[in-house]
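Have a look at start_36.tsv; it's TSV, C-alpha atoms:
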```tsv
chain	number	residue	atom	x	y	z
A	161	MET	CA	286.22	119.80	-22.72
A	162	ARG	CA	287.24	121.18	-19.31
A	163	ILE	CA	285.44	122.69	-16.33
A	164	LEU	CA	286.56	125.91	-14.64
A	165	ASP	CA	284.93	126.88	-11.37
A	166	PHE	CA	285.52	130.61	-10.92
A	167	GLY	CA	284.15	131.23	-7.47
A	168	SER	CA	284.41	131.77	-3.75
A	169	LEU	CA	286.69	129.96	-1.32
A	170	ASN	CA	285.51	130.36	2.27
A	171	ILE	CA	286.14	129.08	5.74
A	172	ASP	CA	282.85	128.01	7.34
A	173	TYR	CA	282.31	128.38	11.08
A	174	VAL	CA	279.33	126.15	11.82
A	175	TYR	CA	277.40	126.40	15.09
A	176	GLN	CA	274.92	123.75	16.21
A	177	VAL	CA	271.93	125.47	17.85
A	178	ASP	CA	268.54	124.54	19.25
A	179	HIS	CA	266.88	127.16	17.02
A	180	MET	CA	267.94	130.12	14.90
A	181	VAL	CA	268.95	133.06	17.06
A	182	ARG	CA	266.28	135.78	17.25
A	183	PRO	CA	266.77	139.58	17.38
A	184	GLY	CA	268.00	140.60	20.84
A	185	GLU	CA	268.60	136.98	21.90
A	186	THR	CA	271.85	135.50	23.21
A	187	LEU	CA	271.91	131.79	22.41
A	188	ALA	CA	274.42	129.16	23.53
A	189	ALA	CA	275.71	126.92	20.73
A	190	GLY	CA	276.09	123.25	21.45
A	191	ARG	CA	279.17	122.85	19.23
A	192	ARG	CA	281.35	124.74	16.76
A	193	ASP	CA	283.00	123.10	13.77
A	194	VAL	CA	285.34	124.69	11.22
A	195	TYR	CA	285.04	123.55	7.61
A	196	PRO	CA	286.35	124.62	4.22
A	197	GLY	CA	283.54	126.00	2.08
A	198	GLY	CA	282.32	128.72	-0.23
A	199	LYS	CA	279.93	128.00	-3.07
A	200	GLY	CA	282.79	128.00	-5.54
A	201	LEU	CA	284.92	125.53	-3.63
A	202	ASN	CA	281.93	123.31	-2.78
A	203	GLN	CA	280.81	123.07	-6.40
A	204	ALA	CA	284.35	122.43	-7.64
A	205	VAL	CA	284.82	119.63	-5.10
A	206	ALA	CA	281.46	118.12	-6.09
A	207	CYS	CA	282.53	118.15	-9.75
A	208	ALA	CA	285.87	116.55	-8.89
A	209	ARG	CA	284.35	113.88	-6.65
A	210	ALA	CA	281.93	113.09	-9.46
A	211	GLY	CA	284.92	112.43	-11.69
A	212	ALA	CA	285.37	115.67	-13.62
A	213	LYS	CA	288.62	117.37	-14.53
A	214	VAL	CA	288.07	120.72	-12.85
A	215	TRP	CA	290.13	123.84	-12.21
A	216	GLN	CA	289.44	126.31	-9.40
A	217	ALA	CA	290.03	130.04	-9.80
A	218	GLY	CA	289.68	132.59	-7.01
A	219	LEU	CA	291.53	134.41	-4.26
A	220	VAL	CA	292.35	133.42	-0.68
A	221	GLY	CA	293.98	135.22	2.23
A	222	PRO	CA	297.13	134.28	4.16
A	223	GLU	CA	295.19	131.64	6.11
A	224	GLY	CA	293.86	130.06	2.91
A	225	GLY	CA	296.23	127.10	2.85
A	226	LEU	CA	293.47	124.99	4.37
A	227	LEU	CA	291.27	125.72	1.36
A	228	LEU	CA	293.97	124.89	-1.18
A	229	ASP	CA	294.76	121.62	0.60
A	230	VAL	CA	291.11	120.58	0.48
A	231	CYS	CA	290.86	121.34	-3.23
A	232	ARG	CA	293.98	119.33	-4.01
A	233	GLU	CA	292.88	116.39	-1.88
A	234	ALA	CA	289.61	116.29	-3.82
A	235	GLY	CA	291.42	116.38	-7.16
A	236	VAL	CA	290.68	120.04	-8.00
A	237	ASN	CA	293.50	121.82	-9.83
A	238	THR	CA	294.49	125.01	-7.94
A	239	ASP	CA	297.09	126.43	-10.37
A	240	PHE	CA	294.94	129.54	-10.92
A	241	VAL	CA	294.19	130.33	-7.25
A	242	ARG	CA	296.12	133.33	-5.91
A	243	THR	CA	296.89	134.40	-2.31
A	244	VAL	CA	296.36	138.07	-1.40
A	245	ASP	CA	296.96	140.13	1.73
A	246	VAL	CA	293.28	140.18	2.74
A	247	ALA	CA	291.42	137.75	5.00
A	248	SER	CA	289.84	134.82	3.21
A	249	GLY	CA	286.09	134.91	2.83
A	250	HIS	CA	284.24	133.22	5.66
A	251	THR	CA	280.79	132.38	6.93
A	252	VAL	CA	279.04	132.01	10.26
A	253	ILE	CA	276.43	129.25	9.91
A	254	GLN	CA	273.71	128.25	12.35
A	255	VAL	CA	272.34	124.71	11.98
A	256	ASP	CA	269.24	123.87	14.00
A	257	ARG	CA	267.99	120.50	15.28
A	258	GLY	CA	266.08	119.89	12.06
A	259	GLY	CA	269.15	120.37	9.89
A	260	GLN	CA	268.05	123.73	8.48
A	261	ASN	CA	270.64	126.49	8.27
A	262	CYS	CA	271.08	130.24	8.02
A	263	ILE	CA	274.31	131.83	6.84
A	264	LEU	CA	276.15	135.12	7.46
A	265	LEU	CA	278.74	135.72	4.72
A	266	TYR	CA	281.86	137.93	4.71
A	267	GLY	CA	283.40	138.27	1.25
A	268	GLY	CA	287.04	139.05	2.13
A	269	ALA	CA	289.50	138.03	-0.58
A	270	ASN	CA	286.65	136.85	-2.81
A	271	GLN	CA	285.77	140.50	-3.42
A	272	ARG	CA	289.26	141.42	-4.69
A	273	ILE	CA	288.99	139.68	-8.06
A	274	ASP	CA	289.61	142.15	-10.90
A	275	GLU	CA	289.43	142.11	-14.70
A	276	ALA	CA	293.17	141.57	-15.22
A	277	TYR	CA	293.18	138.44	-13.06
A	278	ALA	CA	289.95	137.17	-14.64
A	279	ASP	CA	291.33	137.61	-18.16
A	280	GLU	CA	294.58	135.83	-17.27
A	281	VAL	CA	292.66	132.81	-15.96
A	282	LEU	CA	290.22	132.66	-18.86
A	283	SER	CA	293.04	132.84	-21.40
A	284	HIS	CA	293.78	129.19	-20.56
A	285	PHE	CA	290.32	128.02	-21.65
A	286	SER	CA	288.53	127.85	-24.98
A	287	ALA	CA	285.25	127.27	-26.80
A	288	GLY	CA	283.20	124.40	-25.41
A	289	ASP	CA	284.77	124.48	-21.96
A	290	TYR	CA	282.46	125.07	-19.00
A	291	VAL	CA	282.77	127.88	-16.47
A	292	ILE	CA	280.71	127.57	-13.27
A	293	LEU	CA	279.86	130.86	-11.56
A	294	GLN	CA	278.02	131.95	-8.43
A	295	ASN	CA	277.53	135.40	-6.89
A	296	GLU	CA	280.04	135.37	-4.04
A	297	ILE	CA	282.91	137.04	-5.95
A	298	SER	CA	283.61	140.43	-7.51
A	299	CYS	CA	283.97	141.06	-11.26
A	300	LEU	CA	281.16	138.67	-12.18
A	301	PRO	CA	279.73	140.72	-15.10
A	302	HIS	CA	283.16	140.87	-16.75
A	303	ILE	CA	283.79	137.16	-16.25
A	304	VAL	CA	280.46	136.31	-17.89
A	305	ASP	CA	281.18	138.58	-20.86
A	306	ALA	CA	284.76	137.37	-21.32
A	307	ALA	CA	283.89	133.69	-20.98
A	308	ALA	CA	281.01	133.97	-23.45
A	309	ALA	CA	283.27	135.81	-25.89
A	310	ARG	CA	285.63	132.82	-25.79
A	311	GLY	CA	282.74	130.48	-26.59
A	312	MET	CA	282.71	128.90	-23.15
A	313	ARG	CA	279.50	127.44	-21.72
A	314	VAL	CA	278.51	129.75	-18.88
A	315	VAL	CA	276.82	128.06	-15.93
A	316	LEU	CA	275.32	130.47	-13.39
A	317	ASN	CA	274.03	129.75	-9.91
A	318	PRO	CA	272.71	133.27	-9.06
A	319	SER	CA	273.16	132.89	-5.33
A	320	PRO	CA	273.05	134.89	-3.20
A	321	TYR	CA	270.77	137.11	-5.26
A	322	ASN	CA	271.50	140.84	-4.89
A	323	GLU	CA	271.85	144.01	-6.94
A	324	ALA	CA	275.29	142.98	-8.26
A	325	LEU	CA	273.55	140.49	-10.54
A	326	GLU	CA	271.69	143.29	-12.29
A	327	ALA	CA	274.91	144.18	-14.10
A	328	VAL	CA	275.31	140.63	-15.47
A	329	ASP	CA	274.24	140.03	-19.08
A	330	MET	CA	272.27	136.87	-18.38
A	331	SER	CA	271.50	136.36	-22.06
A	332	LYS	CA	275.04	134.95	-22.22
A	333	VAL	CA	274.28	132.23	-19.68
A	334	SER	CA	274.04	128.70	-21.11
A	335	LEU	CA	272.68	127.00	-17.99
A	336	PHE	CA	270.96	128.40	-14.90
A	337	LEU	CA	270.84	126.36	-11.69
A	338	LEU	CA	268.64	128.07	-9.12
A	339	ASN	CA	265.87	127.54	-6.57
A	340	GLU	CA	262.35	128.92	-6.74
A	341	VAL	CA	263.18	131.99	-4.64
A	342	GLU	CA	266.15	132.89	-6.85
A	343	GLY	CA	264.05	132.16	-9.92
A	344	ALA	CA	261.45	134.66	-8.75
A	345	GLN	CA	264.17	137.22	-8.03
A	346	VAL	CA	265.73	136.80	-11.48
A	347	THR	CA	262.38	137.08	-13.27
A	348	GLY	CA	260.70	139.57	-10.95
A	349	GLY	CA	257.74	137.22	-10.64
A	350	SER	CA	256.18	134.81	-8.18
A	351	GLU	CA	257.75	131.70	-6.66
A	352	ASP	CA	255.30	129.42	-8.47
A	353	PRO	CA	257.53	126.94	-10.37
A	354	ASP	CA	255.44	127.00	-13.54
A	355	GLU	CA	255.52	130.78	-13.66
A	356	VAL	CA	259.23	130.95	-12.88
A	357	LEU	CA	260.06	128.52	-15.68
A	358	ALA	CA	257.74	130.27	-18.11
A	359	ARG	CA	259.29	133.66	-17.45
A	360	LEU	CA	262.84	132.31	-17.62
A	361	GLY	CA	261.98	130.66	-20.91
A	362	GLU	CA	260.66	133.94	-22.28
A	363	LYS	CA	263.60	136.03	-21.07
A	364	TYR	CA	266.38	133.54	-21.92
A	365	PRO	CA	265.05	131.23	-24.64
A	366	ASP	CA	268.49	129.80	-25.49
A	367	ALA	CA	269.38	128.81	-21.93
A	368	ALA	CA	268.75	125.57	-20.09
A	369	VAL	CA	267.27	125.93	-16.61
A	370	VAL	CA	267.39	123.60	-13.62
A	371	LEU	CA	264.95	124.76	-10.94
A	372	THR	CA	265.42	123.07	-7.57
A	373	LEU	CA	262.33	122.85	-5.36
A	374	GLY	CA	263.48	121.41	-2.04
A	375	SER	CA	261.25	118.51	-1.01
A	376	GLU	CA	259.49	118.74	-4.40
A	377	GLY	CA	262.65	117.75	-6.28
A	378	SER	CA	263.78	119.62	-9.39
A	379	ARG	CA	262.66	120.52	-12.88
A	380	TYR	CA	264.57	121.03	-16.12
A	381	GLN	CA	263.63	123.20	-19.08
A	382	ARG	CA	265.26	124.05	-22.37
A	383	GLY	CA	262.97	125.18	-25.14
A	384	ASP	CA	260.26	122.52	-25.43
A	385	GLU	CA	262.33	119.98	-23.48
A	386	ARG	CA	260.96	119.33	-19.96
A	387	TYR	CA	261.91	116.88	-17.20
A	388	ALA	CA	261.00	116.49	-13.54
A	389	GLN	CA	263.04	114.76	-10.83
A	390	GLY	CA	261.93	113.72	-7.35
A	391	ILE	CA	264.09	113.58	-4.23
A	392	TYR	CA	265.63	110.68	-2.35
A	393	HIS	CA	264.33	110.66	1.22
A	394	VAL	CA	266.98	110.61	3.95
A	395	ASP	CA	267.32	111.80	7.56
A	396	ALA	CA	268.67	115.34	7.11
A	397	LYS	CA	271.57	116.41	9.33
A	398	ASP	CA	272.85	119.47	7.46
A	399	THR	CA	271.52	121.01	4.26
A	400	THR	CA	274.46	123.41	3.77
A	401	ALA	CA	275.99	121.68	0.74
A	402	ALA	CA	272.83	120.28	-0.82
A	403	GLY	CA	272.53	122.79	-3.66
A	404	ASP	CA	276.27	122.92	-4.37
A	405	THR	CA	276.49	119.13	-4.53
A	406	PHE	CA	273.54	119.03	-6.93
A	407	THR	CA	275.14	121.72	-9.11
A	408	GLY	CA	278.55	120.05	-9.28
A	409	TYR	CA	277.16	116.63	-10.09
A	410	PHE	CA	274.70	117.92	-12.67
A	411	VAL	CA	277.35	119.93	-14.52
A	412	TRP	CA	279.72	116.97	-14.51
A	413	ALA	CA	277.02	114.67	-15.87
A	414	VAL	CA	275.94	116.92	-18.74
A	415	SER	CA	279.57	117.73	-19.59
A	416	GLU	CA	280.05	113.97	-19.98
A	417	GLY	CA	277.19	113.89	-22.46
A	418	ARG	CA	274.82	111.98	-20.18
A	419	PRO	CA	271.08	112.41	-20.87
A	420	VAL	CA	269.43	115.13	-18.78
A	421	PRO	CA	267.11	112.73	-16.88
A	422	GLU	CA	270.11	110.66	-15.83
A	423	ALA	CA	272.04	113.81	-14.83
A	424	LEU	CA	269.10	114.99	-12.69
A	425	ASP	CA	268.81	111.61	-11.00
A	426	ILE	CA	272.52	111.34	-10.18
A	427	ALA	CA	272.55	114.91	-8.86
A	428	ALA	CA	269.49	114.23	-6.69
A	429	LYS	CA	271.06	111.12	-5.20
A	430	ALA	CA	274.37	112.90	-4.52
A	431	SER	CA	272.52	115.78	-2.87
A	432	ALA	CA	270.55	113.38	-0.66
A	433	ILE	CA	273.75	111.76	0.57
A	434	ALA	CA	275.22	115.20	1.29
A	435	VAL	CA	272.32	116.31	3.50
A	436	SER	CA	272.60	113.12	5.55
A	437	ARG	CA	276.07	114.22	6.70
A	438	ALA	CA	277.50	117.18	8.62
A	439	GLY	CA	279.51	120.02	7.11
A	440	ALA	CA	279.86	121.35	3.58
A	441	VAL	CA	282.87	119.81	1.82
A	442	PRO	CA	283.02	116.76	4.15
A	443	SER	CA	279.44	115.87	3.23
A	444	ILE	CA	279.96	115.77	-0.55
A	445	PRO	CA	280.06	112.14	-1.73
A	446	THR	CA	282.27	110.51	-4.33
A	447	ILE	CA	280.81	109.06	-7.51
A	448	ASP	CA	281.45	105.53	-6.20
A	449	GLU	CA	279.37	106.29	-3.10
A	450	VAL	CA	276.57	107.74	-5.23
A	451	MET	CA	276.44	104.80	-7.59
A	452	ALA	CA	276.55	102.27	-4.74
A	453	ALA	CA	273.94	104.00	-2.56
A	454	LYS	CA	270.62	102.26	-1.98
A	455	LEU	CA	268.28	105.14	-1.18
```

Using structure tokens, write down the structure from this file.
Amino acid sequence: MRILDFGSLNIDYVYQVDHMVRPGETLAAGRRDVYPGGKGLNQAVACARAGAKVWQAGLVGPEGGLLLDVCREAGVNTDFVRTVDVASGHTVIQVDRGGQNCILLYGGANQRIDEAYADEVLSHFSAGDYVILQNEISCLPHIVDAAAARGMRVVLNPSPYNEALEAVDMSKVSLFLLNEVEGAQVTGGSEDPDEVLARLGEKYPDAAVVLTLGSEGSRYQRGDERYAQGIYHVDAKDTTAAGDTFTGYFVWAVSEGRPVPEALDIAAKASAIAVSRAGAVPSIPTIDEVMAAKL
């Protein structure tokens, strides 16, 4: 059983600010840091640092060597990543004094993925393998269809939520990982967790759902199976990689056959460690750090 992360590879430009810039305002940043990122890369690195055998697929621009180096250093296989003559995807991220962030995303090379490339990558995987997907790349509906046709377990983090997701056949998704806002967007309902889970259960009865709720922890649902997980309290420095760390660790844990409550707990602890550090990829802990942490 193998894990393929088919997703975005970005360069993150992170600005430390007193508060989020307002319309018409010019705001001086206290510091700028440059980090490798992208939801695809972050989740692949989290899987690898957890101990998974994971492959990354996606496109980078001429300056994307930084991103490939980071993947390889983390133990992510990059054989399927291609370089194209378009700028790599990148983000401009503001992080305020409380550790909250807002993100401006430019797709770049991530939006050049086509069906031929997707099919070539997927041809190397088979039934039972996992494919982790987000919504920062092109060709997502085709990738979902093709992966499901091969019998792969499709994991979808529908973020950022936009109209492109309307073309995705979500009945082919095996596992959703999403927050309450994304849950409401997918179901067209409220952000009330009970209602989100109920509607997801009605619309996609065969799928497992992990709903993350910020300071309220997370909840799991599959059929009649239900679990709740609290958070580990830490001093937050940067929440950028919190969700991606949770996703990577949870997928690794369930792919290993660990019980869902244990997978939720490990993912929560890994996410807590991540938010206590700066940056996206640099904040993602190793499995040894997670297991040794006293939170």

### Query
So which one's closest to A:Asn339, A:Leu357, A:Val181, A:Ala210, A:Val314? Using only C-alpha atoms, please.
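Closest to A:Asn339 of all the choices is A:Leu357.
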
Which residues of stretch 368-404 of chain A have any atom within 8 Å of an atom in stretch 246-258 of chain A when counting only C-alpha atoms, and what is the closest pair of atoms for each, with the distance in Å to one decimal? Order the rows by chain and rising number and write it as a Markdown table.
```
| residue | atom | partner | partner_atom | distance |
| --- | --- | --- | --- | --- |
| A:Ala396 | CA | A:Gly258 | CA | 7.2 |
| A:Lys397 | CA | A:Gly258 | CA | 7.1 |
| A:Asp398 | CA | A:Val255 | CA | 6.9 |
```

### Task
Can you pull out every residue within 12 Å of A:Pro320, counting all atoms listed in the file, but drop anything in the same chain fewer than 6 positions away, and send it as a ChimeraX atom specification?
/A:168,198-199,263-265,267,293-297,338-339,341-343,345-346

Just the residues within 9 Å of A:Ala307, please, counting all atoms listed in the file, with nothing from its chain fewer than 3 positions along; format it as a PDB file with C-alpha atoms, in the coordinates of the input.
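This went into result30.pdb:
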```pdb
ATOM      1  CA  ASP A 279     291.330 137.610 -18.160  1.00  0.00           C
ATOM      2  CA  LEU A 282     290.220 132.660 -18.860  1.00  0.00           C
ATOM      3  CA  PHE A 285     290.320 128.020 -21.650  1.00  0.00           C
ATOM      4  CA  SER A 286     288.530 127.850 -24.980  1.00  0.00           C
ATOM      5  CA  ALA A 287     285.250 127.270 -26.800  1.00  0.00           C
ATOM      6  CA  TYR A 290     282.460 125.070 -19.000  1.00  0.00           C
ATOM      7  CA  VAL A 291     282.770 127.880 -16.470  1.00  0.00           C
ATOM      8  CA  HIS A 302     283.160 140.870 -16.750  1.00  0.00           C
ATOM      9  CA  ILE A 303     283.790 137.160 -16.250  1.00  0.00           C
ATOM     10  CA  VAL A 304     280.460 136.310 -17.890  1.00  0.00           C
ATOM     11  CA  ARG A 310     285.630 132.820 -25.790  1.00  0.00           C
ATOM     12  CA  GLY A 311     282.740 130.480 -26.590  1.00  0.00           C
ATOM     13  CA  MET A 312     282.710 128.900 -23.150  1.00  0.00           C
ATOM     14  CA  ARG A 313     279.500 127.440 -21.720  1.00  0.00           C
ATOM     15  CA  VAL A 314     278.510 129.750 -18.880  1.00  0.00           C
TER      16      VAL A 314
END
```

Enumerate, as a PDB file with C-alpha atoms, in the frame of the given file, the protein, DNA and RNA residues whose atoms approach (280.0, 121.6, -4.4) to within 12 Å, taking into account all atoms listed in the file and the coordinate frame of the file.
```
ATOM      1  CA  ASP A 165     284.930 126.880 -11.370  1.00  0.00           C
ATOM      2  CA  GLY A 167     284.150 131.230  -7.470  1.00  0.00           C
ATOM      3  CA  SER A 168     284.410 131.770  -3.750  1.00  0.00           C
ATOM      4  CA  LEU A 169     286.690 129.960  -1.320  1.00  0.00           C
ATOM      5  CA  PRO A 196     286.350 124.620   4.220  1.00  0.00           C
ATOM      6  CA  GLY A 197     283.540 126.000   2.080  1.00  0.00           C
ATOM      7  CA  GLY A 198     282.320 128.720  -0.230  1.00  0.00           C
ATOM      8  CA  LYS A 199     279.930 128.000  -3.070  1.00  0.00           C
ATOM      9  CA  GLY A 200     282.790 128.000  -5.540  1.00  0.00           C
ATOM     10  CA  LEU A 201     284.920 125.530  -3.630  1.00  0.00           C
ATOM     11  CA  ASN A 202     281.930 123.310  -2.780  1.00  0.00           C
ATOM     12  CA  GLN A 203     280.810 123.070  -6.400  1.00  0.00           C
ATOM     13  CA  ALA A 204     284.350 122.430  -7.640  1.00  0.00           C
ATOM     14  CA  VAL A 205     284.820 119.630  -5.100  1.00  0.00           C
ATOM     15  CA  ALA A 206     281.460 118.120  -6.090  1.00  0.00           C
ATOM     16  CA  CYS A 207     282.530 118.150  -9.750  1.00  0.00           C
ATOM     17  CA  ALA A 208     285.870 116.550  -8.890  1.00  0.00           C
ATOM     18  CA  ARG A 209     284.350 113.880  -6.650  1.00  0.00           C
ATOM     19  CA  ALA A 210     281.930 113.090  -9.460  1.00  0.00           C
ATOM     20  CA  VAL A 214     288.070 120.720 -12.850  1.00  0.00           C
ATOM     21  CA  GLN A 216     289.440 126.310  -9.400  1.00  0.00           C
ATOM     22  CA  CYS A 231     290.860 121.340  -3.230  1.00  0.00           C
ATOM     23  CA  ALA A 234     289.610 116.290  -3.820  1.00  0.00           C
ATOM     24  CA  VAL A 236     290.680 120.040  -8.000  1.00  0.00           C
ATOM     25  CA  ILE A 292     280.710 127.570 -13.270  1.00  0.00           C
ATOM     26  CA  LEU A 293     279.860 130.860 -11.560  1.00  0.00           C
ATOM     27  CA  GLN A 294     278.020 131.950  -8.430  1.00  0.00           C
ATOM     28  CA  ASN A 317     274.030 129.750  -9.910  1.00  0.00           C
ATOM     29  CA  THR A 400     274.460 123.410   3.770  1.00  0.00           C
ATOM     30  CA  ALA A 401     275.990 121.680   0.740  1.00  0.00           C
ATOM     31  CA  ALA A 402     272.830 120.280  -0.820  1.00  0.00           C
ATOM     32  CA  GLY A 403     272.530 122.790  -3.660  1.00  0.00           C
ATOM     33  CA  ASP A 404     276.270 122.920  -4.370  1.00  0.00           C
ATOM     34  CA  THR A 405     276.490 119.130  -4.530  1.00  0.00           C
ATOM     35  CA  PHE A 406     273.540 119.030  -6.930  1.00  0.00           C
ATOM     36  CA  THR A 407     275.140 121.720  -9.110  1.00  0.00           C
ATOM     37  CA  GLY A 408     278.550 120.050  -9.280  1.00  0.00           C
ATOM     38  CA  TYR A 409     277.160 116.630 -10.090  1.00  0.00           C
ATOM     39  CA  PHE A 410     274.700 117.920 -12.670  1.00  0.00           C
ATOM     40  CA  VAL A 411     277.350 119.930 -14.520  1.00  0.00           C
ATOM     41  CA  TRP A 412     279.720 116.970 -14.510  1.00  0.00           C
ATOM     42  CA  ALA A 427     272.550 114.910  -8.860  1.00  0.00           C
ATOM     43  CA  ALA A 430     274.370 112.900  -4.520  1.00  0.00           C
ATOM     44  CA  SER A 431     272.520 115.780  -2.870  1.00  0.00           C
ATOM     45  CA  ALA A 434     275.220 115.200   1.290  1.00  0.00           C
ATOM     46  CA  GLY A 439     279.510 120.020   7.110  1.00  0.00           C
ATOM     47  CA  ALA A 440     279.860 121.350   3.580  1.00  0.00           C
ATOM     48  CA  VAL A 441     282.870 119.810   1.820  1.00  0.00           C
ATOM     49  CA  PRO A 442     283.020 116.760   4.150  1.00  0.00           C
ATOM     50  CA  SER A 443     279.440 115.870   3.230  1.00  0.00           C
ATOM     51  CA  ILE A 444     279.960 115.770  -0.550  1.00  0.00           C
ATOM     52  CA  PRO A 445     280.060 112.140  -1.730  1.00  0.00           C
ATOM     53  CA  THR A 446     282.270 110.510  -4.330  1.00  0.00           C
TER      54      THR A 446
END
```

### Message
When you count all atoms listed in the file, which of these residues is closest to A:Leu300: A:Gly417, A:Gly288, A:Gly390, A:Pro318?
### Response
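Among the listed residues, A:Pro318 lies closest to A:Leu300.
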
### Message
With distances taken over only C-alpha atoms, which residue among A:Gln389, A:Ser436, A:Asn237, A:Thr399 lies nearest A:Ala423?
### Response
A:Gln389

### Task
Can you work out which one of A:Asn170, A:Asp448, A:Asp229, A:Val315 has the shortest atom-to-atom distance to A:Val194, counting all atoms listed in the file?
A:Asn170

#### Entry: Sel. within 9 Å of pt (285.8, 120.2, -20.4), counting only C-alpha atoms, output as a list in words
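Using only C-alpha atoms, the matching residues come out as Met161, Arg162, Ile163, Leu164, Ala212, Lys213, Val214, Gly288, Asp289, Tyr290, Ser415 and Glu416 of chain A.
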
### Task
Would you list the contacts of A:Lys363 as a ChimeraX atom specification, taking every protein, DNA or RNA residue within 9 Å and counting all atoms listed in the file, but skipping same-chain residues closer than 4 positions in sequence?
/A:331,347,358-359

#### Entry: Interatomic distance (Å, one decimal) between atom CA of A:Arg191 and atom CA of A:Leu226
20.7 Å

### Task
Please indicate the distance in Å from atom CA of A:Ser375 to atom CA of A:Glu340, rounded to one decimal place.
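Separation between atom CA of A:Ser375 and atom CA of A:Glu340: 11.9 Å.
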
#### Entry: Pairwise distance for atom CA of A:Ile171 and atom CA of A:Gly224, rounded to one decimal in Å
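Calculated distance between atom CA of A:Ile171 and atom CA of A:Gly224 is 8.3 Å.
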